[in-house]
There are 2 protein chains.
Amino acid sequence: MDAKRATVRDMRRRNRAVLLSRLYHDGPLSRQDLTGATGLSAASVSNLVGEMLEQGLVEEAGAVDSDGGRPRTLLRVRPGYGYLVGVDVGETRVRVELFDLSMTGLAKADYPIESARPEPETVVRHILAGLDAVTASAGVPRDALLGVGVGVPGVVEQGESAAVHAQTLGWEAVPLEAMLRAGTEARLYFDNGAKTLGRAEMWFGAGRGARHVVIALVGSGVGAAVLTDGVSYRGVSSSASEWGHTTIVYGGRRCRCGADGCLEAYVGAEAVLDRWRVARRGRPVPGRPAGTVTGPDEEGGIAALVAGAERSESAARVLEETAGYLGAGIANLINLFNPERIVLGGWAGLALGGVLLPRIREVAAAHALRHPYGQASIELCRLGPDAVSVGAATLPVARLLSDGGSR
Amino acid sequence: MDAKRATVRDMRRRNRAVLLSRLYHDGPLSRQDLTGATGLSAASVSNLVGEMLEQGLVEEAGAVDSDGGRPRTLLRVRPGYGYLVGVDVGETRVRVELFDLSMTGLAKADYPIESARPEPETVVRHILAGLDAVTASAGVPRDALLGVGVGVPGVVEQGESAAVHAQTLGWEAVPLEAMLRAGTEARLYFDNGAKTLGRAEMWFGAGRGARHVVIALVGSGVGAAVLTDGVSYRGVSSSASEWGHTTIVYGGRRCRCGADGCLEAYVGAEAVLDRWRVARRGRPVPGRPAGTVTGPDEEGGIAALVAGAERSESAARVLEETAGYLGAGIANLINLFNPERIVLGGWAGLALGGVLLPRIREVAAAHALRHPYGQASIELCRLGPDAVSVGAATLPVARLLSDGGSR
DNA sequence: CCCCTTATTTCAGCGCGTGACGAAAGTGCG
DNA sequence: CGCACTTTCGTCACGCGCTGAAATAAGGGG
């Protein structure tokens, strides 16, 4: 509604941003290529690139013949211009990983979390320790750190200072940004872990090249990230895309969120295993709402279910039903968001999708409207669940690119 | 991903756009107010406003005392600078309406559609006739027409030339833009009718002031429009927000779209009446999928249902169930889009919402996650269903504002 | 009528992209 | 080996557009 005014400086920043993003995403390019790709005049490209070369933001990267004439010198973003830290706050461990600008991993530190409901202070301590550890081990000085991205399980309320609501950790409005800021001067960025994974997939995985992608993640929980032109959709406070808690079976199974018939209560890993248990024994464990029966080894359970499909009729039936719910849930995403591509991931999503993908596509086709379905492809994630920290580290990179590298 | 370069001219266009939008939406303002509101320097505001005054885009509108000093002269967008036409292609009639820039209706023409599956040519002929009729009757010359916005029932595929897919009209990829362009030189804009209604509600109705709104429309069909900062969310080809065909009861009632368990098959007007019929007779008409039983007077039926709630137990039950489905569907919107406000409308939505709104809020609260629910208010549309043409006419206005009025 | 306050306009200054022109860096042919 | 040709890249004068400072306009009060 209210765009902000533009000054002559914003223009330069923006043009630097355009050039820098182009160089970053589309590999080494010559100045010539850049004039064509961005529409800027050769003079401006030369000017802007010269400035960025001087600042060490970009560097020359060889040359390529140009039949007959002066060879083009290639340019790329200089990986060593700055470093990023990506943090993955998982339910069982905190991972802190250091990257250079080319997203090459340089160091990594893991801190296991014992409690199912860890104190925020503990997590903060782990993150700060990891920050020290990875920068020290790679010999990266503090002021070369462009920023720290943190992916958390739960809702990140972006605002003056980011706060986290994570039901699974028992966190309510934890002022994570303020807490971390007390211990470091690095620029901090926060987002939901599923969304950072989506970012990673978008930049380096199955989402490459698409403008409009929905990443659907299925693990113990179920979430989604909607990404348009590289930026993720956020509502009023960024708690958007709570796909797992949309109603898909009105009046159906009780979900751990307290509502009935959530998608998560049917296709979340716990829920799938619980449904399998019911299918084998004939009836559910009484008095226990679905989803609370957390096995010590859900991953093994899902693997067993997938493996058992050939021999066991109950396993096959549960899988078939899961494909049904998942396909309908994906059809909902297609109808609501009309994406170019749906990327299914998460550890359970990958395990189930590996065998169920064709069936999921069929069900989604039956539930979605013909037209949007025809424009969407359904694929599996290419990066593993470890990419959460990669995606978190792209948060400062995105900032750098959209700022054009202004300090 | 790839923003476009900026030149020094883009800057001026954008600053004009910022000023113009401010003036348009926030009523008469003085130059002084504008400097504060936009961040531009007083010199630039004066310069830009002077230019726009000269072009007749804005005009002075009185003055207001400023304790002790020179009074501020107020400025506003000049309503007669240009004129808009909004077209509402409904299922029973084509309405063509002429507005000035302040959205004051100047002339109107309706053309009934007899066939349930009208030929595109017929509709095009009506639109062109209406265009002539309204401009002639108001004495607006052709070159004063800023543009024509058309709202259609169905999916608008934006592209080189807009095409329309409207299942209810039996239209498949109708090249409406090309067809109209053959008969007029006006600038043409197309969007789904529900979305244009959402735009109207956003600019002049219940969405005013909110940055992030979802408009949920319930009539015979069910649709939604997601609006962020005044622009509506579109997917790859803008067929986004097909809320009515998201699955809410897995394996449930057959919908006219062919899938099972769509929201529309429960809360669409036809579906509600069908459910009521079933509730009264005890069983459905066999062999007839739900939703195809189009009564001649659905509106009367819904009114009767609402009125009958006090006496008839079956009516009360059907209403209660409807509130449940609608609440769950709205909760899905809240969870997925995390809006600031949900606006329920459409003729059936208003009729049902009038009595069911408190109950719908309760159900939505139970189904949505606490956090996003807490940030969303649920309200009723303020403008009637006739606002489709108003919303359609805002399409060219939006273009004017974002262009800063450059020719 | 003069002074004070506030709003608006004027003006010099500066940043920025552009087009034109020229330098740089190769290739191919005599 | 040198010259012509091709293609890429850098430099410069120019015009546009925003800004801050100073000047001017428009009232009110004494």
# chains A, B, ... in the order shown; residues from 1 in each chain; ligands from 1
>>> interface_residues(of="chain C", to="chain A", cutoff="6 Å", atoms="only C-alpha atoms (C1' of nucleotides)", output="PyMOL selection string")
chain C and resi 25-27
>>> write_last_selection(atoms="N, CA, C and O atoms (P, O5', C5', C4', C3', O3' and C1' of nucleotides)", output="short mmCIF file (atom, residue, chain, number, x, y, z; two decimals), in the first residue's frame")
data_model
loop_
_atom_site.label_atom_id
_atom_site.label_comp_id
_atom_site.auth_asym_id
_atom_site.auth_seq_id
_atom_site.Cartn_x
_atom_site.Cartn_y
_atom_site.Cartn_z
P DA C 25 45.03 -4.71 -21.99
"O5'" DA C 25 44.54 -5.88 -22.96
"C5'" DA C 25 43.24 -6.43 -22.78
"C4'" DA C 25 42.95 -7.36 -23.91
"C3'" DA C 25 44.17 -8.17 -24.39
"O3'" DA C 25 43.78 -9.51 -24.56
"C1'" DA C 25 43.12 -7.13 -26.20
P DG C 26 44.76 -10.70 -24.22
"O5'" DG C 26 44.37 -11.86 -25.22
"C5'" DG C 26 44.77 -11.75 -26.56
"C4'" DG C 26 43.59 -11.88 -27.48
"C3'" DG C 26 43.96 -12.58 -28.78
"O3'" DG C 26 43.38 -13.87 -28.82
"C1'" DG C 26 42.78 -10.53 -29.18
P DT C 27 43.98 -14.91 -29.91
"O5'" DT C 27 43.27 -14.44 -31.26
"C5'" DT C 27 41.85 -14.57 -31.40
"C4'" DT C 27 41.45 -14.34 -32.84
"C3'" DT C 27 42.23 -15.20 -33.86
"O3'" DT C 27 41.32 -15.70 -34.83
"C1'" DT C 27 42.49 -12.88 -34.37
#
>>> interface_residues(of="chain D", to="chain B", cutoff="9 Å", atoms="only C-alpha atoms (C1' of nucleotides)", output="VMD selection string")
chain D and resid 16 to 20 25 to 29
>>> write_last_selection(atoms="N, CA and C atoms (P, O5', C5', C4', C3', O3' and C1' of nucleotides)", output="mmCIF file, in the first residue's frame")
data_model
loop_
_atom_site.group_PDB
_atom_site.id
_atom_site.type_symbol
_atom_site.label_atom_id
_atom_site.label_comp_id
_atom_site.auth_asym_id
_atom_site.auth_seq_id
_atom_site.Cartn_x
_atom_site.Cartn_y
_atom_site.Cartn_z
ATOM 1 P P DC D 16 17.079 16.736 -19.049
ATOM 2 O "O5'" DC D 16 16.714 15.720 -17.886
ATOM 3 C "C5'" DC D 16 16.852 14.330 -18.097
ATOM 4 C "C4'" DC D 16 16.829 13.632 -16.759
ATOM 5 C "C3'" DC D 16 15.785 14.199 -15.792
ATOM 6 O "O3'" DC D 16 15.118 13.127 -15.175
ATOM 7 C "C1'" DC D 16 17.904 14.188 -14.767
ATOM 8 P P DG D 17 13.716 13.287 -14.435
ATOM 9 O "O5'" DG D 17 14.124 13.247 -12.903
ATOM 10 C "C5'" DG D 17 14.763 12.088 -12.405
ATOM 11 C "C4'" DG D 17 15.174 12.335 -10.984
ATOM 12 C "C3'" DG D 17 14.157 13.157 -10.176
ATOM 13 O "O3'" DG D 17 14.015 12.554 -8.914
ATOM 14 C "C1'" DG D 17 16.279 14.158 -10.073
ATOM 15 P P DC D 18 12.898 13.031 -7.890
ATOM 16 O "O5'" DC D 18 13.783 13.210 -6.576
ATOM 17 C "C5'" DC D 18 14.506 12.085 -6.091
ATOM 18 C "C4'" DC D 18 15.542 12.553 -5.100
ATOM 19 C "C3'" DC D 18 14.960 13.372 -3.945
ATOM 20 O "O3'" DC D 18 15.467 12.889 -2.713
ATOM 21 C "C1'" DC D 18 16.686 14.583 -5.046
ATOM 22 P P DT D 19 14.919 13.578 -1.358
ATOM 23 O "O5'" DT D 19 16.094 14.616 -1.034
ATOM 24 C "C5'" DT D 19 17.448 14.182 -1.086
ATOM 25 C "C4'" DT D 19 18.341 15.265 -0.535
ATOM 26 C "C3'" DT D 19 17.709 16.060 0.606
ATOM 27 O "O3'" DT D 19 18.629 16.193 1.682
ATOM 28 C "C1'" DT D 19 18.397 17.521 -1.135
ATOM 29 P P DG D 20 18.006 16.666 3.117
ATOM 30 O "O5'" DG D 20 18.857 18.000 3.375
ATOM 31 C "C5'" DG D 20 20.248 18.038 3.086
ATOM 32 C "C4'" DG D 20 20.720 19.488 3.070
ATOM 33 C "C3'" DG D 20 20.168 20.343 4.216
ATOM 34 O "O3'" DG D 20 21.198 21.198 4.690
ATOM 35 C "C1'" DG D 20 19.469 21.256 2.133
ATOM 36 P P DA D 25 7.001 36.335 -2.879
ATOM 37 O "O5'" DA D 25 5.922 35.437 -2.131
ATOM 38 C "C5'" DA D 25 5.545 34.209 -2.728
ATOM 39 C "C4'" DA D 25 4.538 33.522 -1.830
ATOM 40 C "C3'" DA D 25 3.309 34.364 -1.473
ATOM 41 O "O3'" DA D 25 2.184 33.514 -1.585
ATOM 42 C "C1'" DA D 25 4.351 33.599 0.500
ATOM 43 P P DA D 26 0.708 34.146 -1.674
ATOM 44 O "O5'" DA D 26 0.154 33.907 -0.202
ATOM 45 C "C5'" DA D 26 0.123 32.592 0.311
ATOM 46 C "C4'" DA D 26 -0.319 32.619 1.755
ATOM 47 C "C3'" DA D 26 -1.348 33.717 2.085
ATOM 48 O "O3'" DA D 26 -2.358 33.148 2.876
ATOM 49 C "C1'" DA D 26 0.458 33.823 3.571
ATOM 50 P P DG D 27 -3.890 33.604 2.650
ATOM 51 O "O5'" DG D 27 -4.462 33.743 4.118
ATOM 52 C "C5'" DG D 27 -3.814 34.608 4.999
ATOM 53 C "C4'" DG D 27 -3.599 33.911 6.318
ATOM 54 C "C3'" DG D 27 -4.183 34.730 7.461
ATOM 55 O "O3'" DG D 27 -4.872 33.938 8.396
ATOM 56 C "C1'" DG D 27 -1.814 34.481 7.718
ATOM 57 P P DG D 28 -5.813 34.669 9.488
ATOM 58 O "O5'" DG D 28 -4.792 34.862 10.698
ATOM 59 C "C5'" DG D 28 -4.354 33.709 11.414
ATOM 60 C "C4'" DG D 28 -3.631 34.132 12.681
ATOM 61 C "C3'" DG D 28 -4.411 35.134 13.536
ATOM 62 O "O3'" DG D 28 -4.251 34.823 14.913
ATOM 63 C "C1'" DG D 28 -2.338 36.079 12.871
ATOM 64 P P DG D 29 -5.054 35.653 15.970
ATOM 65 O "O5'" DG D 29 -3.923 36.631 16.540
ATOM 66 C "C5'" DG D 29 -2.713 36.069 17.063
ATOM 67 C "C4'" DG D 29 -1.834 37.173 17.619
ATOM 68 C "C3'" DG D 29 -2.587 38.201 18.459
ATOM 69 O "O3'" DG D 29 -1.767 38.593 19.563
ATOM 70 C "C1'" DG D 29 -1.533 39.278 16.647
#
>>> select_by_dssp(residues="stretch 98-163 of chain A", states="strand (DSSP E or B)", output="PDB file with all heavy atoms, in the first residue's frame")
ATOM      1  N   LEU A  98      29.479 -23.223   9.633  1.00  0.00           N
ATOM      2  CA  LEU A  98      30.078 -22.028   9.036  1.00  0.00           C
ATOM      3  C   LEU A  98      30.258 -22.238   7.537  1.00  0.00           C
ATOM      4  O   LEU A  98      30.716 -23.296   7.102  1.00  0.00           O
ATOM      5  CB  LEU A  98      31.431 -21.751   9.683  1.00  0.00           C
ATOM      6  CG  LEU A  98      32.218 -20.549   9.151  1.00  0.00           C
ATOM      7  CD1 LEU A  98      31.605 -19.251   9.642  1.00  0.00           C
ATOM      8  CD2 LEU A  98      33.684 -20.637   9.564  1.00  0.00           C
ATOM      9  N   PHE A  99      29.896 -21.229   6.772  1.00  0.00           N
ATOM     10  CA  PHE A  99      30.030 -21.294   5.312  1.00  0.00           C
ATOM     11  C   PHE A  99      30.750 -20.054   4.800  1.00  0.00           C
ATOM     12  O   PHE A  99      30.700 -18.996   5.432  1.00  0.00           O
ATOM     13  CB  PHE A  99      28.659 -21.322   4.643  1.00  0.00           C
ATOM     14  CG  PHE A  99      27.769 -22.436   5.102  1.00  0.00           C
ATOM     15  CD1 PHE A  99      26.918 -22.258   6.186  1.00  0.00           C
ATOM     16  CD2 PHE A  99      27.761 -23.651   4.440  1.00  0.00           C
ATOM     17  CE1 PHE A  99      26.078 -23.275   6.604  1.00  0.00           C
ATOM     18  CE2 PHE A  99      26.922 -24.672   4.850  1.00  0.00           C
ATOM     19  CZ  PHE A  99      26.083 -24.489   5.937  1.00  0.00           C
ATOM     20  N   ASP A 100      31.359 -20.197   3.618  1.00  0.00           N
ATOM     21  CA  ASP A 100      31.762 -18.976   2.935  1.00  0.00           C
ATOM     22  C   ASP A 100      30.637 -18.574   1.997  1.00  0.00           C
ATOM     23  O   ASP A 100      29.595 -19.234   1.940  1.00  0.00           O
ATOM     24  CB  ASP A 100      33.110 -19.142   2.218  1.00  0.00           C
ATOM     25  CG  ASP A 100      33.008 -20.123   1.058  1.00  0.00           C
ATOM     26  OD1 ASP A 100      31.889 -20.474   0.653  1.00  0.00           O
ATOM     27  OD2 ASP A 100      34.063 -20.560   0.571  1.00  0.00           O
ATOM     28  N   GLY A 105      30.837 -25.481   3.091  1.00  0.00           N
ATOM     29  CA  GLY A 105      30.916 -25.661   4.539  1.00  0.00           C
ATOM     30  C   GLY A 105      32.361 -25.643   5.002  1.00  0.00           C
ATOM     31  O   GLY A 105      33.229 -26.294   4.417  1.00  0.00           O
ATOM     32  N   LEU A 106      32.640 -24.885   6.025  1.00  0.00           N
ATOM     33  CA  LEU A 106      34.021 -24.764   6.506  1.00  0.00           C
ATOM     34  C   LEU A 106      34.201 -25.402   7.879  1.00  0.00           C
ATOM     35  O   LEU A 106      35.279 -25.881   8.217  1.00  0.00           O
ATOM     36  CB  LEU A 106      34.418 -23.288   6.589  1.00  0.00           C
ATOM     37  CG  LEU A 106      34.331 -22.500   5.275  1.00  0.00           C
ATOM     38  CD1 LEU A 106      34.707 -21.051   5.514  1.00  0.00           C
ATOM     39  CD2 LEU A 106      35.237 -23.114   4.225  1.00  0.00           C
ATOM     40  N   ALA A 107      33.167 -25.393   8.665  1.00  0.00           N
ATOM     41  CA  ALA A 107      33.277 -25.975  10.003  1.00  0.00           C
ATOM     42  C   ALA A 107      31.872 -26.249  10.521  1.00  0.00           C
ATOM     43  O   ALA A 107      30.894 -25.671  10.043  1.00  0.00           O
ATOM     44  CB  ALA A 107      34.000 -25.015  10.948  1.00  0.00           C
ATOM     45  N   LYS A 108      31.794 -27.136  11.492  1.00  0.00           N
ATOM     46  CA  LYS A 108      30.483 -27.558  11.977  1.00  0.00           C
ATOM     47  C   LYS A 108      30.597 -27.931  13.452  1.00  0.00           C
ATOM     48  O   LYS A 108      31.636 -28.453  13.873  1.00  0.00           O
ATOM     49  CB  LYS A 108      30.031 -28.762  11.148  1.00  0.00           C
ATOM     50  CG  LYS A 108      28.677 -29.265  11.495  1.00  0.00           C
ATOM     51  CD  LYS A 108      28.022 -30.021  10.348  1.00  0.00           C
ATOM     52  CE  LYS A 108      28.910 -31.056   9.655  1.00  0.00           C
ATOM     53  NZ  LYS A 108      28.175 -31.834   8.661  1.00  0.00           N
ATOM     54  N   ALA A 109      29.600 -27.652  14.209  1.00  0.00           N
ATOM     55  CA  ALA A 109      29.602 -28.058  15.618  1.00  0.00           C
ATOM     56  C   ALA A 109      28.203 -28.489  16.002  1.00  0.00           C
ATOM     57  O   ALA A 109      27.232 -27.816  15.669  1.00  0.00           O
ATOM     58  CB  ALA A 109      30.063 -26.890  16.499  1.00  0.00           C
ATOM     59  N   ASP A 110      28.103 -29.648  16.669  1.00  0.00           N
ATOM     60  CA  ASP A 110      26.803 -30.148  17.106  1.00  0.00           C
ATOM     61  C   ASP A 110      26.739 -30.181  18.630  1.00  0.00           C
ATOM     62  O   ASP A 110      27.716 -30.518  19.294  1.00  0.00           O
ATOM     63  CB  ASP A 110      26.572 -31.570  16.569  1.00  0.00           C
ATOM     64  CG  ASP A 110      26.037 -31.553  15.155  1.00  0.00           C
ATOM     65  OD1 ASP A 110      26.146 -30.504  14.513  1.00  0.00           O
ATOM     66  OD2 ASP A 110      25.541 -32.598  14.695  1.00  0.00           O
ATOM     67  N   TYR A 111      25.588 -29.848  19.172  1.00  0.00           N
ATOM     68  CA  TYR A 111      25.393 -29.894  20.607  1.00  0.00           C
ATOM     69  C   TYR A 111      24.110 -30.652  20.883  1.00  0.00           C
ATOM     70  O   TYR A 111      23.025 -30.148  20.562  1.00  0.00           O
ATOM     71  CB  TYR A 111      25.296 -28.477  21.177  1.00  0.00           C
ATOM     72  CG  TYR A 111      26.543 -27.667  20.912  1.00  0.00           C
ATOM     73  CD1 TYR A 111      26.695 -26.955  19.729  1.00  0.00           C
ATOM     74  CD2 TYR A 111      27.579 -27.634  21.842  1.00  0.00           C
ATOM     75  CE1 TYR A 111      27.833 -26.229  19.475  1.00  0.00           C
ATOM     76  CE2 TYR A 111      28.733 -26.904  21.598  1.00  0.00           C
ATOM     77  CZ  TYR A 111      28.856 -26.203  20.411  1.00  0.00           C
ATOM     78  OH  TYR A 111      29.990 -25.492  20.155  1.00  0.00           O
ATOM     79  N   PRO A 112      24.201 -31.833  21.420  1.00  0.00           N
ATOM     80  CA  PRO A 112      22.973 -32.591  21.677  1.00  0.00           C
ATOM     81  C   PRO A 112      22.117 -31.914  22.737  1.00  0.00           C
ATOM     82  O   PRO A 112      22.633 -31.259  23.644  1.00  0.00           O
ATOM     83  CB  PRO A 112      23.495 -33.942  22.179  1.00  0.00           C
ATOM     84  CG  PRO A 112      24.892 -33.703  22.592  1.00  0.00           C
ATOM     85  CD  PRO A 112      25.409 -32.546  21.816  1.00  0.00           C
ATOM     86  N   LEU A 145      32.242 -11.922   9.501  1.00  0.00           N
ATOM     87  CA  LEU A 145      30.983 -12.650   9.580  1.00  0.00           C
ATOM     88  C   LEU A 145      29.849 -11.741   9.086  1.00  0.00           C
ATOM     89  O   LEU A 145      29.572 -10.705   9.674  1.00  0.00           O
ATOM     90  CB  LEU A 145      30.730 -13.038  11.042  1.00  0.00           C
ATOM     91  CG  LEU A 145      29.960 -14.322  11.275  1.00  0.00           C
ATOM     92  CD1 LEU A 145      30.716 -15.479  10.662  1.00  0.00           C
ATOM     93  CD2 LEU A 145      29.767 -14.529  12.770  1.00  0.00           C
ATOM     94  N   LEU A 146      29.217 -12.140   7.997  1.00  0.00           N
ATOM     95  CA  LEU A 146      28.151 -11.298   7.457  1.00  0.00           C
ATOM     96  C   LEU A 146      26.874 -11.413   8.276  1.00  0.00           C
ATOM     97  O   LEU A 146      26.075 -10.486   8.316  1.00  0.00           O
ATOM     98  CB  LEU A 146      27.858 -11.691   6.011  1.00  0.00           C
ATOM     99  CG  LEU A 146      28.976 -11.368   5.037  1.00  0.00           C
ATOM    100  CD1 LEU A 146      28.675 -11.957   3.679  1.00  0.00           C
ATOM    101  CD2 LEU A 146      29.170  -9.864   4.933  1.00  0.00           C
ATOM    102  N   GLY A 147      26.697 -12.547   8.909  1.00  0.00           N
ATOM    103  CA  GLY A 147      25.498 -12.694   9.701  1.00  0.00           C
ATOM    104  C   GLY A 147      25.294 -14.137  10.118  1.00  0.00           C
ATOM    105  O   GLY A 147      25.968 -15.049   9.633  1.00  0.00           O
ATOM    106  N   VAL A 148      24.361 -14.305  11.014  1.00  0.00           N
ATOM    107  CA  VAL A 148      24.042 -15.626  11.540  1.00  0.00           C
ATOM    108  C   VAL A 148      22.560 -15.873  11.290  1.00  0.00           C
ATOM    109  O   VAL A 148      21.723 -15.067  11.701  1.00  0.00           O
ATOM    110  CB  VAL A 148      24.331 -15.687  13.052  1.00  0.00           C
ATOM    111  CG1 VAL A 148      23.922 -17.037  13.619  1.00  0.00           C
ATOM    112  CG2 VAL A 148      25.793 -15.404  13.326  1.00  0.00           C
ATOM    113  N   GLY A 149      22.253 -16.960  10.604  1.00  0.00           N
ATOM    114  CA  GLY A 149      20.862 -17.320  10.384  1.00  0.00           C
ATOM    115  C   GLY A 149      20.488 -18.477  11.294  1.00  0.00           C
ATOM    116  O   GLY A 149      21.259 -19.413  11.447  1.00  0.00           O
ATOM    117  N   VAL A 150      19.320 -18.388  11.885  1.00  0.00           N
ATOM    118  CA  VAL A 150      18.906 -19.414  12.834  1.00  0.00           C
ATOM    119  C   VAL A 150      17.569 -20.000  12.393  1.00  0.00           C
ATOM    120  O   VAL A 150      16.599 -19.254  12.197  1.00  0.00           O
ATOM    121  CB  VAL A 150      18.770 -18.828  14.255  1.00  0.00           C
ATOM    122  CG1 VAL A 150      18.407 -19.920  15.236  1.00  0.00           C
ATOM    123  CG2 VAL A 150      20.046 -18.124  14.675  1.00  0.00           C
ATOM    124  N   GLY A 151      17.532 -21.309  12.223  1.00  0.00           N
ATOM    125  CA  GLY A 151      16.276 -21.987  11.917  1.00  0.00           C
ATOM    126  C   GLY A 151      15.766 -22.684  13.167  1.00  0.00           C
ATOM    127  O   GLY A 151      16.492 -23.441  13.791  1.00  0.00           O
ATOM    128  N   VAL A 152      14.524 -22.404  13.535  1.00  0.00           N
ATOM    129  CA  VAL A 152      13.975 -22.992  14.753  1.00  0.00           C
ATOM    130  C   VAL A 152      12.703 -23.769  14.433  1.00  0.00           C
ATOM    131  O   VAL A 152      12.023 -23.477  13.456  1.00  0.00           O
ATOM    132  CB  VAL A 152      13.631 -21.906  15.788  1.00  0.00           C
ATOM    133  CG1 VAL A 152      14.884 -21.172  16.227  1.00  0.00           C
ATOM    134  CG2 VAL A 152      12.624 -20.924  15.228  1.00  0.00           C
ATOM    135  N   VAL A 155       7.129 -21.230  15.305  1.00  0.00           N
ATOM    136  CA  VAL A 155       6.755 -19.992  14.633  1.00  0.00           C
ATOM    137  C   VAL A 155       7.691 -18.874  15.060  1.00  0.00           C
ATOM    138  O   VAL A 155       7.920 -18.678  16.239  1.00  0.00           O
ATOM    139  CB  VAL A 155       5.311 -19.621  14.998  1.00  0.00           C
ATOM    140  CG1 VAL A 155       4.959 -18.259  14.431  1.00  0.00           C
ATOM    141  CG2 VAL A 155       4.357 -20.679  14.509  1.00  0.00           C
ATOM    142  N   VAL A 156       8.244 -18.196  14.085  1.00  0.00           N
ATOM    143  CA  VAL A 156       9.074 -17.038  14.400  1.00  0.00           C
ATOM    144  C   VAL A 156       8.252 -15.790  14.186  1.00  0.00           C
ATOM    145  O   VAL A 156       7.755 -15.552  13.086  1.00  0.00           O
ATOM    146  CB  VAL A 156      10.322 -16.992  13.512  1.00  0.00           C
ATOM    147  CG1 VAL A 156      11.116 -15.728  13.788  1.00  0.00           C
ATOM    148  CG2 VAL A 156      11.170 -18.214  13.734  1.00  0.00           C
ATOM    149  N   GLU A 157       8.106 -15.019  15.235  1.00  0.00           N
ATOM    150  CA  GLU A 157       7.365 -13.775  15.098  1.00  0.00           C
ATOM    151  C   GLU A 157       8.360 -12.673  14.809  1.00  0.00           C
ATOM    152  O   GLU A 157       9.107 -12.245  15.688  1.00  0.00           O
ATOM    153  CB  GLU A 157       6.596 -13.489  16.384  1.00  0.00           C
ATOM    154  CG  GLU A 157       5.680 -12.294  16.243  1.00  0.00           C
ATOM    155  CD  GLU A 157       4.679 -12.221  17.400  1.00  0.00           C
ATOM    156  OE1 GLU A 157       4.825 -13.000  18.359  1.00  0.00           O
ATOM    157  OE2 GLU A 157       3.773 -11.381  17.330  1.00  0.00           O
ATOM    158  N   ALA A 163      10.838 -13.202  18.071  1.00  0.00           N
ATOM    159  CA  ALA A 163      10.448 -14.064  19.182  1.00  0.00           C
ATOM    160  C   ALA A 163       9.975 -15.403  18.614  1.00  0.00           C
ATOM    161  O   ALA A 163       9.494 -15.464  17.493  1.00  0.00           O
ATOM    162  CB  ALA A 163       9.329 -13.410  19.994  1.00  0.00           C
TER     163      ALA A 163
END
>>> closest_atom_pairs(of="chain A", to="chain B", cutoff="6 Å", atoms="only C-alpha atoms", output="Markdown table")
| residue | atom | partner | partner_atom | distance |
| --- | --- | --- | --- | --- |
| A:Met1 | CA | B:Asp229 | CA | 4.8 |
| A:Arg5 | CA | B:Asn15 | CA | 5.5 |
| A:Ala6 | CA | B:Met11 | CA | 5.9 |
| A:Met11 | CA | B:Ala6 | CA | 5.9 |
| A:Asn15 | CA | B:Arg5 | CA | 5.5 |
| A:Asp229 | CA | B:Met1 | CA | 4.9 |
| A:Gly230 | CA | B:Met1 | CA | 5.6 |
| A:Gly235 | CA | B:Asn338 | CA | 4.6 |
| A:Val236 | CA | B:Pro339 | CA | 5.6 |
| A:Ala240 | CA | B:Asn338 | CA | 4.8 |
| A:Ser241 | CA | B:Leu336 | CA | 4.1 |
| A:Glu242 | CA | B:Asn335 | CA | 5.0 |
| A:Trp243 | CA | B:Leu336 | CA | 6.0 |
| A:Thr246 | CA | B:Asn332 | CA | 4.8 |
| A:Thr247 | CA | B:Ile248 | CA | 5.9 |
| A:Ile248 | CA | B:Ile248 | CA | 4.4 |
| A:Val249 | CA | B:Val249 | CA | 4.4 |
| A:Tyr250 | CA | B:Val249 | CA | 5.0 |
| A:Ala259 | CA | B:His367 | CA | 5.1 |
| A:Asn332 | CA | B:Thr246 | CA | 4.8 |
| A:Asn335 | CA | B:Glu242 | CA | 5.0 |
| A:Leu336 | CA | B:Ser241 | CA | 4.1 |
| A:Phe337 | CA | B:Ala240 | CA | 4.9 |
| A:Asn338 | CA | B:Gly235 | CA | 4.6 |
| A:Pro339 | CA | B:Gly235 | CA | 5.5 |
| A:Glu340 | CA | B:Val236 | CA | 5.8 |
| A:His367 | CA | B:Ala259 | CA | 5.1 |
>>> residues_around(residues="B:Asp386", least_positions_apart="6", cutoff="10 Å", atoms="only C-alpha atoms (C1' of nucleotides)", output="list in words")
Asp88, Arg95, Leu197, Gly346 and Trp347 of chain B
>>> select_by_dssp(residues="stretch 35-122 of chain A", states="helix (DSSP H, G or I)", output="list in words")
Thr35, Gly36, Ala37, Thr38, Ala42, Ala43, Ser44, Val45, Ser46, Asn47, Leu48, Val49, Gly50, Glu51, Met52, Leu53, Glu54, Gln55, Pro79, Gly80, Tyr81, Pro120, Glu121 and Thr122 of chain A
>>> residues_around(residues="C:DA23", least_positions_apart="4", cutoff="10 Å", atoms="only C-alpha atoms (C1' of nucleotides)", output="mmCIF file with C-alpha atoms (C1' of nucleotides), in the first residue's frame")
data_model
loop_
_atom_site.group_PDB
_atom_site.id
_atom_site.type_symbol
_atom_site.label_atom_id
_atom_site.label_comp_id
_atom_site.auth_asym_id
_atom_site.auth_seq_id
_atom_site.Cartn_x
_atom_site.Cartn_y
_atom_site.Cartn_z
ATOM 1 C "C1'" DC D 9 35.932 -2.516 -21.476
ATOM 2 C "C1'" DG D 10 36.866 2.221 -19.460
ATOM 3 C "C1'" DT D 11 36.271 7.374 -19.487
#
